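Presented below is the structure to which this report refers.
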Amino acid sequence: MHPAGAPLFQHPAEAVCGREVHAKAVTCVNFLTTTMEWCTLLVMPATPRSTKSRPPNPGSQSALRHLNQQRIIECLLNGPSTQAELSRQTGLSTATISNIVRIMQGAGLVSTEPTTSSGRRALNVRLNSNGALAVGIDFGRRHLRVVLASLSYHIIAEESVELPLGHHAEDGIAAAVDLLDKLLLESGVDRSAVVGAGAGIPGPIDRRSSTVAQGAILPEWVGIHILERLEKALDMPVFVDNDANLGALSEVTWGPHGGVSNLMFLKIGSGIGAGLILNGAPYYGTVGITGEIGHATIHEHGLVCRCGNRGCLETIASTTTMIELLSRGRGEPFGPDKIVSDALARDSATLRVVDDAGLAVGRALGNVANLINPEVIVVGGPLAGLGNLLLDPIHRGLVRHAVPVVGETTHLAMSSLGARAEALGAAALVFQHAGIARA
Ligand SMILES: [Zn+2]
């Protein structure tokens, strides 16, 4: 068993706060068991993250203190530090660090404890899991969800609003800023208590440039430097990731799968994508674009997909395809909620479409399961309410197309986090960087 937050692995370094920072392993607890099963989650060194400091508003003392506090928080988001280390990392004098740390401590943002460093007495500073808050933002094609959570994994406030189809990135980001301000106001939380924000978008993010890559469900967002835009709008450290990756992260942090080292989260929505936790760490591949299972070929002569190929999984099992199939001759188009309600009401056409989709998903999962042998595959997205109506055909497809022992031992489950999974995972990005595991 490892003490919480103990560094277990050394990882390729990334430069933050003007120094080399090594990834730290975070220990998380399977909180549903009493046997305290432990797994390790690597803090994600590759999560797109801006290191650009914002200039202070000249002439304003409070703006300067805000900027200095942000610089200290950015360093503490990489784990606890002594005041001397903070001084080295930020370039601020030890007196300034000591002064700001005292103010932050008074506001409940950080806690301190005596320690020794190079044989000298020192004061270790860490973000306070009760006083400091993180924001999780989930941008969807038609929705925006913002959660405000404490670093001790309590949700302080959350709200979801609809966004117009085809909205531009700037409009989505402005809506997120407004919604966060509203939540802060309603919950009586001072903005200075928020140490950072995580954000998820339904599309691949090229980690080399932190831009939204081709293939996004939000085509209007492609090419946007999402990280820079969000940091500027929110005025706080920001971490971004793909929505399916955040779903996977939320299942092993907020959800019931904390003890699972190899987990796949499959999001079935307007698009289909997967997030992977492999050997206890989120898997990002080479440029950060992984889990594009929605474009696995299922029928070579099938329908043309938005990616340009034919017969991709999305042309059979995305909610967009299912709605198209089911709205023929029914007049007004409808949303995924109606797929769930009609299937639960045993509408035969809906049941058939759901069954076909599940079988196709299971087939694609069989190939992935053969490759990575996951312990759990969690299905999330707006169809989670279908329960076994969707899980059963997925299981049939998985068992048919995976090698027997893999098919039989892969546990399939619906996400218990529902529509909140991605926003909670986004908040967890901040916790992970701060080295805070669920207790
Ligand atoms: Zn495709």
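So you can find residues: chains in the structure tokens are A, B, ... in the order shown, residues in each start at 1, and ligands are numbered from 1 in order.
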Give me, as an NGL selection string, the residues of range 271-421 of chain A that a backbone DSSP run labels strand (DSSP E).
:A and (272-278 or 281-282 or 376-380 or 411-414)
Cut-off 8 Å, only C-alpha atoms and all ligand atoms, neighbours of ligand 1 as a count of residues only:
16
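Taking CA of Gly203 in chain A as the reference point, CA of Asp243 in chain A is found at 7.2 Å.
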Name the residues of range 123-361 of chain A that come out as helix (DSSP H, G or I) in a backbone DSSP run; write them as an MDAnalysis selection string.
chainID A and resid 169:187 191:193 219:221 226:234 243:253 293:295 314:317 319:327 336:344 348:361
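Take CA of Ser187 in chain A and CA of Gly131 in chain A: the distance between them is 13.7 Å.
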For Ile173 in chain A, work out the shell of residues within 8 Å, counting only C-alpha atoms and skipping chain neighbours fewer than 4 positions away, then give it as a list of chain:residue names.
A:Ala169, A:Val177, A:Arg229, A:Leu230, A:Ala233
Please produce a file of those selected residues containing C-alpha atoms, as a CSV table (one decimal), in the first residue's frame.
```csv
chain,number,residue,atom,x,y,z
A,169,ALA,CA,-16.5,28.2,-29.7
A,177,VAL,CA,-17.9,32.0,-18.0
A,229,ARG,CA,-9.0,30.8,-25.1
A,230,LEU,CA,-10.4,29.2,-21.9
A,233,ALA,CA,-11.8,33.9,-20.5
```
Using only C-alpha atoms, tabulate the residues of range 274-319 of chain A lying at most 12 Å from any atom of range 347-354 of chain A, each with its closest atom pair and that distance in Å to one decimal, by chain and increasing residue number, as a Markdown table.
```
| residue | atom | partner | partner_atom | distance |
| --- | --- | --- | --- | --- |
| A:Thr315 | CA | A:Val353 | CA | 12.0 |
| A:Ile316 | CA | A:Val353 | CA | 8.7 |
| A:Ala317 | CA | A:Val354 | CA | 7.9 |
| A:Ser318 | CA | A:Val354 | CA | 10.1 |
| A:Thr319 | CA | A:Val354 | CA | 9.7 |
```
Restricting the calculation to only C-alpha atoms, which member of A:Arg363, A:Ile289, A:Val368, A:Glu375 is positioned closest to Ile394 in chain A?
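When distances to Ile394 in chain A are compared using only C-alpha atoms, the smallest one comes from A:Arg363.
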With distances taken over only C-alpha atoms, which of A:Val135, A:Phe239, A:Gly196, A:Glu324 is nearest to Leu184 in chain A?
A:Val135
Pick from A:Asn78, A:Ser327, A:Ser150, A:Ser62 nearest to Ile100 in chain A, counting only C-alpha atoms
A:Ser62
A:Asp356, A:Glu159, A:Glu74, A:Glu220 ranked by distance to Arg141 in chain A, top pick (using only C-alpha atoms)
A:Glu220
